[in-house]
file query_10.tsv (TSV, C-alpha atoms)
chain	number	residue	atom	x	y	z
A	1	MET	CA	-5.80	16.53	6.77
A	2	ASN	CA	-6.10	14.62	3.53
A	3	GLU	CA	-9.76	13.95	2.70
A	4	GLY	CA	-12.54	13.56	5.25
A	5	HIS	CA	-11.31	10.23	6.62
A	6	SER	CA	-9.10	12.06	9.13
A	7	ALA	CA	-11.51	14.84	10.06
A	8	PHE	CA	-12.24	13.46	13.54
A	9	ALA	CA	-8.70	14.56	14.38
A	10	THR	CA	-10.08	18.09	14.69
A	11	LEU	CA	-12.33	17.00	17.54
A	12	GLU	CA	-9.48	15.27	19.36
A	13	LEU	CA	-7.37	18.41	18.93
A	14	ALA	CA	-10.20	20.45	20.42
A	15	ARG	CA	-10.38	18.04	23.37
A	16	LEU	CA	-6.63	18.42	23.99
A	17	LEU	CA	-6.90	22.21	23.87
A	18	MET	CA	-9.82	22.12	26.30
A	19	GLU	CA	-7.81	19.94	28.65
A	20	ARG	CA	-4.74	22.17	28.40
A	21	ASP	CA	-6.47	25.55	28.64
A	22	GLY	CA	-9.39	24.63	30.87
A	23	GLN	CA	-11.86	26.11	28.38
A	24	SER	CA	-15.13	25.02	26.80
A	25	PHE	CA	-15.48	23.50	23.35
A	26	ALA	CA	-17.04	26.71	22.04
A	27	ASN	CA	-14.05	28.71	23.28
A	28	VAL	CA	-11.42	26.50	21.64
A	29	LEU	CA	-13.27	25.98	18.35
A	30	GLU	CA	-11.67	28.96	16.60
A	31	LYS	CA	-8.22	28.02	17.89
A	32	THR	CA	-8.72	24.45	16.69
A	33	ALA	CA	-9.65	25.58	13.19
A	34	GLY	CA	-6.66	27.92	13.18
A	35	MET	CA	-4.35	24.94	13.58
A	36	CYS	CA	-5.84	22.81	10.79
A	37	VAL	CA	-5.52	22.63	7.00
A	38	PHE	CA	-7.87	20.46	4.96
A	39	THR	CA	-7.36	19.09	1.45
A	40	THR	CA	-10.21	17.57	-0.52
A	41	HIS	CA	-9.37	15.21	-3.39
A	42	THR	CA	-12.73	13.97	-4.60
A	43	PRO	CA	-14.60	15.91	-7.32
A	44	VAL	CA	-17.79	13.81	-7.18
A	45	ASP	CA	-20.43	13.96	-4.49
A	46	ALA	CA	-20.60	10.19	-4.04
A	47	GLY	CA	-16.93	10.10	-3.05
A	48	HIS	CA	-17.42	11.88	0.29
A	49	ASP	CA	-18.04	9.83	3.43
A	50	ARG	CA	-21.51	10.28	4.90
A	51	PHE	CA	-22.81	8.41	7.94
A	52	ASP	CA	-26.10	7.84	9.70
A	53	PRO	CA	-26.35	10.01	12.85
A	54	HIS	CA	-26.87	6.95	15.04
A	55	LEU	CA	-23.63	5.43	13.78
A	56	VAL	CA	-21.77	8.67	14.53
A	57	GLU	CA	-23.06	8.72	18.09
A	58	GLN	CA	-22.28	5.03	18.53
A	59	THR	CA	-18.73	5.57	17.32
A	60	ILE	CA	-17.62	8.84	18.93
A	61	GLY	CA	-20.28	9.38	21.57
A	62	PRO	CA	-17.66	9.07	24.35
A	63	LEU	CA	-15.53	11.76	22.73
A	64	ARG	CA	-18.60	13.97	22.31
A	65	GLN	CA	-19.28	13.66	26.02
A	66	GLN	CA	-15.71	14.69	26.81
A	67	LEU	CA	-16.19	17.74	24.59
A	68	GLY	CA	-19.27	18.66	26.62
A	69	ILE	CA	-21.52	19.15	23.60
A	70	SER	CA	-24.89	17.69	22.69
A	71	GLU	CA	-25.46	15.11	19.99
A	72	GLY	CA	-27.19	17.78	17.92
A	73	ASP	CA	-24.22	20.14	18.23
A	74	LEU	CA	-21.85	17.42	17.07
A	75	LEU	CA	-24.01	16.44	14.10
A	76	ALA	CA	-24.34	20.10	13.09
A	77	LEU	CA	-20.56	20.24	12.54
A	78	GLY	CA	-20.87	17.57	9.85
A	79	ARG	CA	-23.94	18.94	8.09
A	80	VAL	CA	-24.22	21.51	5.34
A	81	HIS	CA	-27.57	22.49	6.86
A	82	PRO	CA	-26.99	22.16	10.63
A	83	ASP	CA	-30.70	22.10	11.56
A	84	ASN	CA	-31.67	19.41	9.05
A	85	ALA	CA	-32.16	16.30	11.20
A	86	THR	CA	-32.45	14.08	8.11
A	87	GLU	CA	-29.06	15.09	6.69
A	88	PRO	CA	-26.32	12.51	7.28
A	89	PHE	CA	-23.01	13.40	8.90
A	90	CYS	CA	-20.37	14.25	6.29
A	91	MET	CA	-16.70	13.94	7.17
A	92	THR	CA	-15.70	16.42	4.45
A	93	VAL	CA	-18.04	19.03	5.89
A	94	LEU	CA	-16.45	18.56	9.31
A	95	GLY	CA	-12.99	19.01	7.81
A	96	LEU	CA	-14.02	22.10	5.85
A	97	LYS	CA	-15.67	23.72	8.85
A	98	LEU	CA	-12.84	23.11	11.29
A	99	SER	CA	-9.92	24.31	9.17
A	100	ARG	CA	-8.39	27.72	8.55
A	101	VAL	CA	-7.18	26.78	5.05
A	102	ARG	CA	-9.03	24.56	2.59
A	103	ASN	CA	-7.48	23.21	-0.59
A	104	ALA	CA	-8.48	21.27	-3.62
A	105	VAL	CA	-5.76	19.64	-5.71
A	106	SER	CA	-5.65	21.41	-9.06
A	107	SER	CA	-7.04	24.72	-10.26
A	108	LEU	CA	-9.89	22.95	-12.07
A	109	HIS	CA	-10.65	20.81	-9.03
A	110	ALA	CA	-10.80	23.95	-6.87
A	111	HIS	CA	-13.41	25.39	-9.23
A	112	ILE	CA	-15.46	22.17	-8.97
A	113	SER	CA	-15.06	22.04	-5.18
A	114	ARG	CA	-16.20	25.64	-4.72
A	115	ALA	CA	-19.36	24.77	-6.65
A	116	MET	CA	-19.87	21.55	-4.65
A	117	TRP	CA	-19.58	23.19	-1.23
A	118	ARG	CA	-20.88	26.69	-1.86
A	119	GLU	CA	-23.87	26.10	0.44
A	120	LEU	CA	-21.47	26.10	3.39
A	121	TRP	CA	-20.90	29.80	2.65
A	122	PRO	CA	-24.38	31.02	1.60
A	123	GLY	CA	-24.53	34.38	-0.08
A	124	ARG	CA	-20.93	34.40	-1.23
A	125	PRO	CA	-20.09	34.57	-4.95
A	126	ILE	CA	-18.65	31.25	-6.06
A	127	GLU	CA	-15.25	32.80	-6.74
A	128	ASP	CA	-15.09	33.90	-3.09
A	129	ILE	CA	-15.71	30.45	-1.62
A	130	PRO	CA	-12.55	29.87	0.47
A	131	ILE	CA	-11.26	26.72	-1.23
A	132	GLY	CA	-7.96	27.15	-3.02
A	133	HIS	CA	-5.69	24.68	-4.77
A	134	ILE	CA	-2.21	23.31	-4.21
A	135	THR	CA	-0.92	22.48	-7.66
A	136	ASN	CA	-2.02	22.38	-11.25
A	137	GLY	CA	0.02	19.40	-12.29
A	138	VAL	CA	3.28	17.57	-11.60
A	139	HIS	CA	6.93	18.40	-12.27
A	140	VAL	CA	7.33	15.89	-15.05
A	141	SER	CA	11.12	15.77	-15.21
A	142	THR	CA	11.37	14.62	-11.58
A	143	TRP	CA	8.05	12.79	-11.26
A	144	LEU	CA	8.44	10.48	-14.26
A	145	ALA	CA	10.54	7.34	-13.85
A	146	PRO	CA	13.80	7.36	-15.88
A	147	GLU	CA	12.59	4.29	-17.77
A	148	PHE	CA	9.58	6.22	-19.06
A	149	HIS	CA	11.79	9.20	-19.89
A	150	HIS	CA	13.77	6.94	-22.21
A	151	LEU	CA	10.61	5.49	-23.74
A	152	PHE	CA	9.09	8.92	-24.39
A	153	ARG	CA	12.35	10.28	-25.76
A	154	ARG	CA	12.53	7.40	-28.21
A	155	CYS	CA	8.91	7.82	-29.37
A	156	LEU	CA	8.37	11.59	-29.01
A	157	GLY	CA	11.84	12.93	-29.72
A	158	ASP	CA	14.76	14.23	-27.68
A	159	ARG	CA	13.07	17.55	-26.88
A	160	TRP	CA	9.68	16.21	-25.83
A	161	LEU	CA	9.97	17.75	-22.34
A	162	GLU	CA	10.40	21.21	-23.84
A	163	ARG	CA	7.35	20.76	-26.07
A	164	MET	CA	5.01	18.80	-23.79
A	165	ASP	CA	2.56	21.73	-23.54
A	166	ASP	CA	2.05	21.55	-27.33
A	167	PRO	CA	-0.73	19.05	-28.18
A	168	LYS	CA	0.94	18.35	-31.53
A	169	SER	CA	4.01	16.97	-29.78
A	170	TRP	CA	1.88	14.13	-28.40
A	171	ALA	CA	0.63	12.95	-31.78
A	172	ALA	CA	3.27	10.22	-31.82
A	173	ILE	CA	2.17	8.74	-28.49
A	174	ASP	CA	0.21	6.06	-30.35
A	175	ARG	CA	3.51	4.68	-31.64
A	176	ILE	CA	4.27	3.30	-28.19
A	177	ASP	CA	3.59	-0.40	-28.17
A	178	ASP	CA	0.85	-1.28	-25.65
A	179	GLU	CA	2.67	-4.43	-24.51
A	180	GLU	CA	5.93	-2.55	-23.98
A	181	PHE	CA	4.14	0.16	-21.99
A	182	TRP	CA	2.38	-2.42	-19.81
A	183	GLU	CA	5.54	-4.46	-19.26
A	184	LEU	CA	7.44	-1.34	-18.17
A	185	SER	CA	4.63	-0.42	-15.77
A	186	GLU	CA	4.73	-3.89	-14.23
A	187	ILE	CA	8.52	-3.76	-13.81
A	188	LEU	CA	8.31	-0.39	-12.05
A	189	LYS	CA	5.52	-1.66	-9.81
A	190	ALA	CA	7.64	-4.67	-8.83
A	191	ASN	CA	10.59	-2.35	-8.11
A	192	LEU	CA	8.36	-0.26	-5.84
A	193	VAL	CA	7.17	-3.31	-3.90
A	194	THR	CA	10.79	-4.46	-3.48
A	195	PHE	CA	11.78	-1.01	-2.20
A	196	VAL	CA	8.91	-0.93	0.32
A	197	ARG	CA	9.72	-4.43	1.60
A	198	ARG	CA	13.40	-3.50	2.01
A	199	ARG	CA	12.49	-0.30	3.88
A	200	VAL	CA	10.02	-2.07	6.19
A	201	ARG	CA	12.60	-4.81	6.92
A	202	ARG	CA	15.15	-2.17	7.87
A	203	GLN	CA	12.67	-0.36	10.13
A	204	ASN	CA	11.73	-3.64	11.83
A	205	GLU	CA	15.40	-4.39	12.53
A	206	MET	CA	15.92	-0.91	14.00
A	207	ARG	CA	13.04	-1.59	16.41
A	208	GLY	CA	14.50	-4.96	17.36
A	209	GLU	CA	11.69	-6.85	15.65
A	210	ALA	CA	11.88	-9.78	13.26
A	211	PRO	CA	12.76	-8.54	9.72
A	212	ASP	CA	9.52	-9.93	8.28
A	213	ALA	CA	7.23	-8.85	11.15
A	214	GLY	CA	3.85	-7.57	9.97

call {"tool": "encode", "arguments": {"input": "query_10.tsv", "output": "structure tokens"}}
result
Amino acid sequence: MNEGHSAFATLELARLLMERDGQSFANVLEKTAGMCVFTTHTPVDAGHDRFDPHLVEQTIGPLRQQLGISEGDLLALGRVHPDNATEPFCMTVLGLKLSRVRNAVSSLHAHISRAMWRELWPGRPIEDIPIGHITNGVHVSTWLAPEFHHLFRRCLGDRWLERMDDPKSWAAIDRIDDEEFWELSEILKANLVTFVRRRVRRQNEMRGEAPDAG
């Protein structure tokens, strides 16, 4: 799961396991978590979805009933403090609780995330909070568009990729003309939109739909 937006998928997975195995929600909870991996991307508290308990019940009350759990039990899964009736339901908390592996994005983000969510694991030293990280950057030589490679080579020198971890090698970045940089960005954006439209048109045709179907 990427971010909390998809965290309700854990509850649907639990329902499917209950249906398949003929077991209670409590009995499939550990198995559900064992099948899930959660990645958080947002390093600020305001960026995590939180909802009023009444809205949660209004939205997934039917699923809750199929799970055979009370409204309080459901809300507890999305609260840092399960017994706090005034705490809203947080999708990130649900994702963190019902996953076997939890990731931040970069090493620094993992450090921030462990501090943000340490109350979910009270008593643990912050370095033992089970939130890791996936990457600490990008592979520049394959991530960067060829057009930007050429621009950087012209402004930073032929060996800029070999020296990009040296702050001094970036001193010449101010030589890049702002208008040229913006124009190149706009061209690449237009190329991306053209690629997506071409791909969608091809997929529509394969499904027997009109090429420009929405």

call {"tool": "closest_atom_pairs", "arguments": {"input": "query_10.tsv", "of": "region 49-133 of chain A", "to": "region 30-38 of chain A", "cutoff": "9 Å", "atoms": "only C-alpha atoms", "output": "CSV"}}
result
residue,atom,partner,partner_atom,distance
A:Thr92,CA,A:Phe38,CA,8.8
A:Gly95,CA,A:Phe38,CA,6.0
A:Leu96,CA,A:Phe38,CA,6.4
A:Lys97,CA,A:Ala33,CA,7.7
A:Leu98,CA,A:Ala33,CA,4.5
A:Ser99,CA,A:Ala33,CA,4.2
A:Arg100,CA,A:Gly34,CA,4.9
A:Val101,CA,A:Val37,CA,4.9
A:Arg102,CA,A:Phe38,CA,4.9
A:Asn103,CA,A:Phe38,CA,6.2
A:Ala104,CA,A:Phe38,CA,8.6

call {"tool": "residues_around", "arguments": {"input": "query_10.tsv", "residues": "region 62-64 of chain A", "least_positions_apart": "6", "cutoff": "8 Å", "atoms": "all atoms listed in the file", "output": "PyMOL selection string"}}
result
chain A and resi 12+70-71+74

call {"tool": "closest_residue", "arguments": {"input": "query_10.tsv", "among": "A:His48, A:Arg20, A:Arg118, A:Arg124", "to": "Phe89 (chain A)", "atoms": "all atoms listed in the file"}}
result
A:His48

call {"tool": "residues_around", "arguments": {"input": "query_10.tsv", "residues": "Ile60 (chain A)", "least_positions_apart": "4", "cutoff": "12 Å", "atoms": "all atoms listed in the file", "output": "mmCIF file with C-alpha atoms, keeping the file's coordinate frame"}}
result
data_model
loop_
_atom_site.group_PDB
_atom_site.id
_atom_site.type_symbol
_atom_site.label_atom_id
_atom_site.label_comp_id
_atom_site.auth_asym_id
_atom_site.auth_seq_id
_atom_site.Cartn_x
_atom_site.Cartn_y
_atom_site.Cartn_z
ATOM 1 C CA PHE A 8 -12.240 13.460 13.540
ATOM 2 C CA ALA A 9 -8.700 14.560 14.380
ATOM 3 C CA LEU A 11 -12.330 17.000 17.540
ATOM 4 C CA GLU A 12 -9.480 15.270 19.360
ATOM 5 C CA PRO A 53 -26.350 10.010 12.850
ATOM 6 C CA HIS A 54 -26.870 6.950 15.040
ATOM 7 C CA LEU A 55 -23.630 5.430 13.780
ATOM 8 C CA VAL A 56 -21.770 8.670 14.530
ATOM 9 C CA ARG A 64 -18.600 13.970 22.310
ATOM 10 C CA GLN A 65 -19.280 13.660 26.020
ATOM 11 C CA GLN A 66 -15.710 14.690 26.810
ATOM 12 C CA LEU A 67 -16.190 17.740 24.590
ATOM 13 C CA ILE A 69 -21.520 19.150 23.600
ATOM 14 C CA GLU A 71 -25.460 15.110 19.990
ATOM 15 C CA LEU A 74 -21.850 17.420 17.070
ATOM 16 C CA LEU A 75 -24.010 16.440 14.100
#

call {"tool": "atom_distance", "arguments": {"input": "query_10.tsv", "atom1": "CA of Ile112 (chain A)", "atom2": "CA of Ile131 (chain A)"}}
result
9.9 Å

call {"tool": "residues_around", "arguments": {"input": "query_10.tsv", "residues": "region 152-156 of chain A", "least_positions_apart": "3", "cutoff": "9 Å", "atoms": "all atoms listed in the file", "output": "VMD selection string"}}
result
chain A and resid 147 to 149 159 to 161 169 to 176

call {"tool": "atom_distance", "arguments": {"input": "query_10.tsv", "atom1": "CA of Ser6 (chain A)", "atom2": "CA of Arg79 (chain A)"}}
result
16.4 Å

call {"tool": "atom_distance", "arguments": {"input": "query_10.tsv", "atom1": "CA of Ala213 (chain A)", "atom2": "CA of Arg201 (chain A)"}}
result
7.9 Å

call {"tool": "axis_aligned_box", "arguments": {"input": "query_10.tsv", "around": "region 124-140 of chain A", "padding_each_side": "8 Å", "output": "lines of an AutoDock Vina configuration file"}}
result
center_x = -6.8
center_y = 25.2
center_z = -7.3
size_x = 44.3
size_y = 34.7
size_z = 31.5

call {"tool": "closest_residue", "arguments": {"input": "query_10.tsv", "among": "A:Gly68, A:Pro125, A:Gly132, A:Gly61", "to": "Thr39 (chain A)", "atoms": "only C-alpha atoms"}}
result
A:Gly132

call {"tool": "closest_residue", "arguments": {"input": "query_10.tsv", "among": "A:Leu29, A:Leu94, A:Val193, A:Ala145", "to": "Pro82 (chain A)", "atoms": "all atoms listed in the file"}}
result
A:Leu94

call {"tool": "build_atoms", "arguments": {"input": "query_10.tsv", "residues": "region 39-72 of chain A", "atoms": "N, CA and C atoms", "output": "PDB file, in the frame of the given file"}}
result
ATOM      1  N   THR A  39      -7.434  19.258   2.902  1.00  0.00           N
ATOM      2  CA  THR A  39      -7.360  19.090   1.450  1.00  0.00           C
ATOM      3  C   THR A  39      -8.398  18.078   0.996  1.00  0.00           C
ATOM      4  N   THR A  40      -9.231  18.480   0.061  1.00  0.00           N
ATOM      5  CA  THR A  40     -10.210  17.570  -0.520  1.00  0.00           C
ATOM      6  C   THR A  40      -9.677  17.084  -1.865  1.00  0.00           C
ATOM      7  N   HIS A  41      -9.886  15.804  -2.158  1.00  0.00           N
ATOM      8  CA  HIS A  41      -9.370  15.210  -3.390  1.00  0.00           C
ATOM      9  C   HIS A  41     -10.466  14.741  -4.331  1.00  0.00           C
ATOM     10  N   THR A  42     -11.683  14.661  -3.845  1.00  0.00           N
ATOM     11  CA  THR A  42     -12.730  13.970  -4.600  1.00  0.00           C
ATOM     12  C   THR A  42     -13.691  14.958  -5.266  1.00  0.00           C
ATOM     13  N   PRO A  43     -13.765  14.943  -6.608  1.00  0.00           N
ATOM     14  CA  PRO A  43     -14.600  15.910  -7.320  1.00  0.00           C
ATOM     15  C   PRO A  43     -16.027  15.445  -7.580  1.00  0.00           C
ATOM     16  N   VAL A  44     -16.414  14.301  -6.994  1.00  0.00           N
ATOM     17  CA  VAL A  44     -17.790  13.810  -7.180  1.00  0.00           C
ATOM     18  C   VAL A  44     -18.448  13.656  -5.822  1.00  0.00           C
ATOM     19  N   ASP A  45     -19.715  13.949  -5.762  1.00  0.00           N
ATOM     20  CA  ASP A  45     -20.430  13.960  -4.490  1.00  0.00           C
ATOM     21  C   ASP A  45     -20.419  12.592  -3.810  1.00  0.00           C
ATOM     22  N   ALA A  46     -20.522  11.535  -4.605  1.00  0.00           N
ATOM     23  CA  ALA A  46     -20.600  10.190  -4.040  1.00  0.00           C
ATOM     24  C   ALA A  46     -19.299   9.759  -3.369  1.00  0.00           C
ATOM     25  N   GLY A  47     -18.218  10.482  -3.607  1.00  0.00           N
ATOM     26  CA  GLY A  47     -16.930  10.100  -3.050  1.00  0.00           C
ATOM     27  C   GLY A  47     -16.653  10.629  -1.666  1.00  0.00           C
ATOM     28  N   HIS A  48     -17.624  11.296  -1.035  1.00  0.00           N
ATOM     29  CA  HIS A  48     -17.420  11.880   0.290  1.00  0.00           C
ATOM     30  C   HIS A  48     -18.177  11.062   1.334  1.00  0.00           C
ATOM     31  N   ASP A  49     -17.457  10.684   2.394  1.00  0.00           N
ATOM     32  CA  ASP A  49     -18.040   9.830   3.430  1.00  0.00           C
ATOM     33  C   ASP A  49     -19.201  10.513   4.125  1.00  0.00           C
ATOM     34  N   ARG A  50     -20.326   9.803   4.169  1.00  0.00           N
ATOM     35  CA  ARG A  50     -21.510  10.280   4.900  1.00  0.00           C
ATOM     36  C   ARG A  50     -22.049   9.135   5.753  1.00  0.00           C
ATOM     37  N   PHE A  51     -22.410   9.453   7.001  1.00  0.00           N
ATOM     38  CA  PHE A  51     -22.810   8.410   7.940  1.00  0.00           C
ATOM     39  C   PHE A  51     -24.128   8.753   8.613  1.00  0.00           C
ATOM     40  N   ASP A  52     -24.855   7.695   8.952  1.00  0.00           N
ATOM     41  CA  ASP A  52     -26.100   7.840   9.700  1.00  0.00           C
ATOM     42  C   ASP A  52     -25.791   8.427  11.073  1.00  0.00           C
ATOM     43  N   PRO A  53     -26.600   9.382  11.537  1.00  0.00           N
ATOM     44  CA  PRO A  53     -26.350  10.010  12.850  1.00  0.00           C
ATOM     45  C   PRO A  53     -26.197   9.016  13.986  1.00  0.00           C
ATOM     46  N   HIS A  54     -26.969   7.933  13.969  1.00  0.00           N
ATOM     47  CA  HIS A  54     -26.870   6.950  15.040  1.00  0.00           C
ATOM     48  C   HIS A  54     -25.501   6.266  15.055  1.00  0.00           C
ATOM     49  N   LEU A  55     -24.942   6.048  13.871  1.00  0.00           N
ATOM     50  CA  LEU A  55     -23.630   5.430  13.780  1.00  0.00           C
ATOM     51  C   LEU A  55     -22.553   6.381  14.309  1.00  0.00           C
ATOM     52  N   VAL A  56     -22.727   7.673  14.022  1.00  0.00           N
ATOM     53  CA  VAL A  56     -21.770   8.670  14.530  1.00  0.00           C
ATOM     54  C   VAL A  56     -21.774   8.676  16.052  1.00  0.00           C
ATOM     55  N   GLU A  57     -22.956   8.700  16.639  1.00  0.00           N
ATOM     56  CA  GLU A  57     -23.060   8.720  18.090  1.00  0.00           C
ATOM     57  C   GLU A  57     -22.501   7.426  18.692  1.00  0.00           C
ATOM     58  N   GLN A  58     -22.779   6.317  18.044  1.00  0.00           N
ATOM     59  CA  GLN A  58     -22.280   5.030  18.530  1.00  0.00           C
ATOM     60  C   GLN A  58     -20.762   4.997  18.510  1.00  0.00           C
ATOM     61  N   THR A  59     -20.171   5.641  17.513  1.00  0.00           N
ATOM     62  CA  THR A  59     -18.730   5.570  17.320  1.00  0.00           C
ATOM     63  C   THR A  59     -17.967   6.572  18.187  1.00  0.00           C
ATOM     64  N   ILE A  60     -18.397   7.832  18.200  1.00  0.00           N
ATOM     65  CA  ILE A  60     -17.620   8.840  18.930  1.00  0.00           C
ATOM     66  C   ILE A  60     -18.446   9.517  20.031  1.00  0.00           C
ATOM     67  N   GLY A  61     -19.506   8.841  20.463  1.00  0.00           N
ATOM     68  CA  GLY A  61     -20.280   9.380  21.570  1.00  0.00           C
ATOM     69  C   GLY A  61     -19.438   9.677  22.802  1.00  0.00           C
ATOM     70  N   PRO A  62     -18.507   8.769  23.187  1.00  0.00           N
ATOM     71  CA  PRO A  62     -17.660   9.070  24.350  1.00  0.00           C
ATOM     72  C   PRO A  62     -16.824  10.327  24.183  1.00  0.00           C
ATOM     73  N   LEU A  63     -16.300  10.543  22.971  1.00  0.00           N
ATOM     74  CA  LEU A  63     -15.530  11.760  22.730  1.00  0.00           C
ATOM     75  C   LEU A  63     -16.438  12.990  22.805  1.00  0.00           C
ATOM     76  N   ARG A  64     -17.638  12.863  22.246  1.00  0.00           N
ATOM     77  CA  ARG A  64     -18.600  13.970  22.310  1.00  0.00           C
ATOM     78  C   ARG A  64     -18.871  14.363  23.757  1.00  0.00           C
ATOM     79  N   GLN A  65     -19.017  13.375  24.611  1.00  0.00           N
ATOM     80  CA  GLN A  65     -19.280  13.660  26.020  1.00  0.00           C
ATOM     81  C   GLN A  65     -18.098  14.384  26.664  1.00  0.00           C
ATOM     82  N   GLN A  66     -16.887  14.002  26.291  1.00  0.00           N
ATOM     83  CA  GLN A  66     -15.710  14.690  26.810  1.00  0.00           C
ATOM     84  C   GLN A  66     -15.640  16.135  26.322  1.00  0.00           C
ATOM     85  N   LEU A  67     -16.164  16.379  25.132  1.00  0.00           N
ATOM     86  CA  LEU A  67     -16.190  17.740  24.590  1.00  0.00           C
ATOM     87  C   LEU A  67     -17.267  18.586  25.263  1.00  0.00           C
ATOM     88  N   GLY A  68     -18.218  17.929  25.929  1.00  0.00           N
ATOM     89  CA  GLY A  68     -19.270  18.660  26.620  1.00  0.00           C
ATOM     90  C   GLY A  68     -20.298  19.276  25.699  1.00  0.00           C
ATOM     91  N   ILE A  69     -20.539  18.623  24.548  1.00  0.00           N
ATOM     92  CA  ILE A  69     -21.520  19.150  23.600  1.00  0.00           C
ATOM     93  C   ILE A  69     -22.625  18.117  23.400  1.00  0.00           C
ATOM     94  N   SER A  70     -23.759  18.579  22.915  1.00  0.00           N
ATOM     95  CA  SER A  70     -24.890  17.690  22.690  1.00  0.00           C
ATOM     96  C   SER A  70     -24.706  16.917  21.387  1.00  0.00           C
ATOM     97  N   GLU A  71     -25.495  15.883  21.230  1.00  0.00           N
ATOM     98  CA  GLU A  71     -25.460  15.110  19.990  1.00  0.00           C
ATOM     99  C   GLU A  71     -25.820  15.992  18.801  1.00  0.00           C
ATOM    100  N   GLY A  72     -26.792  16.872  18.999  1.00  0.00           N
ATOM    101  CA  GLY A  72     -27.190  17.780  17.920  1.00  0.00           C
ATOM    102  C   GLY A  72     -26.079  18.731  17.525  1.00  0.00           C
TER     103      GLY A  72
END
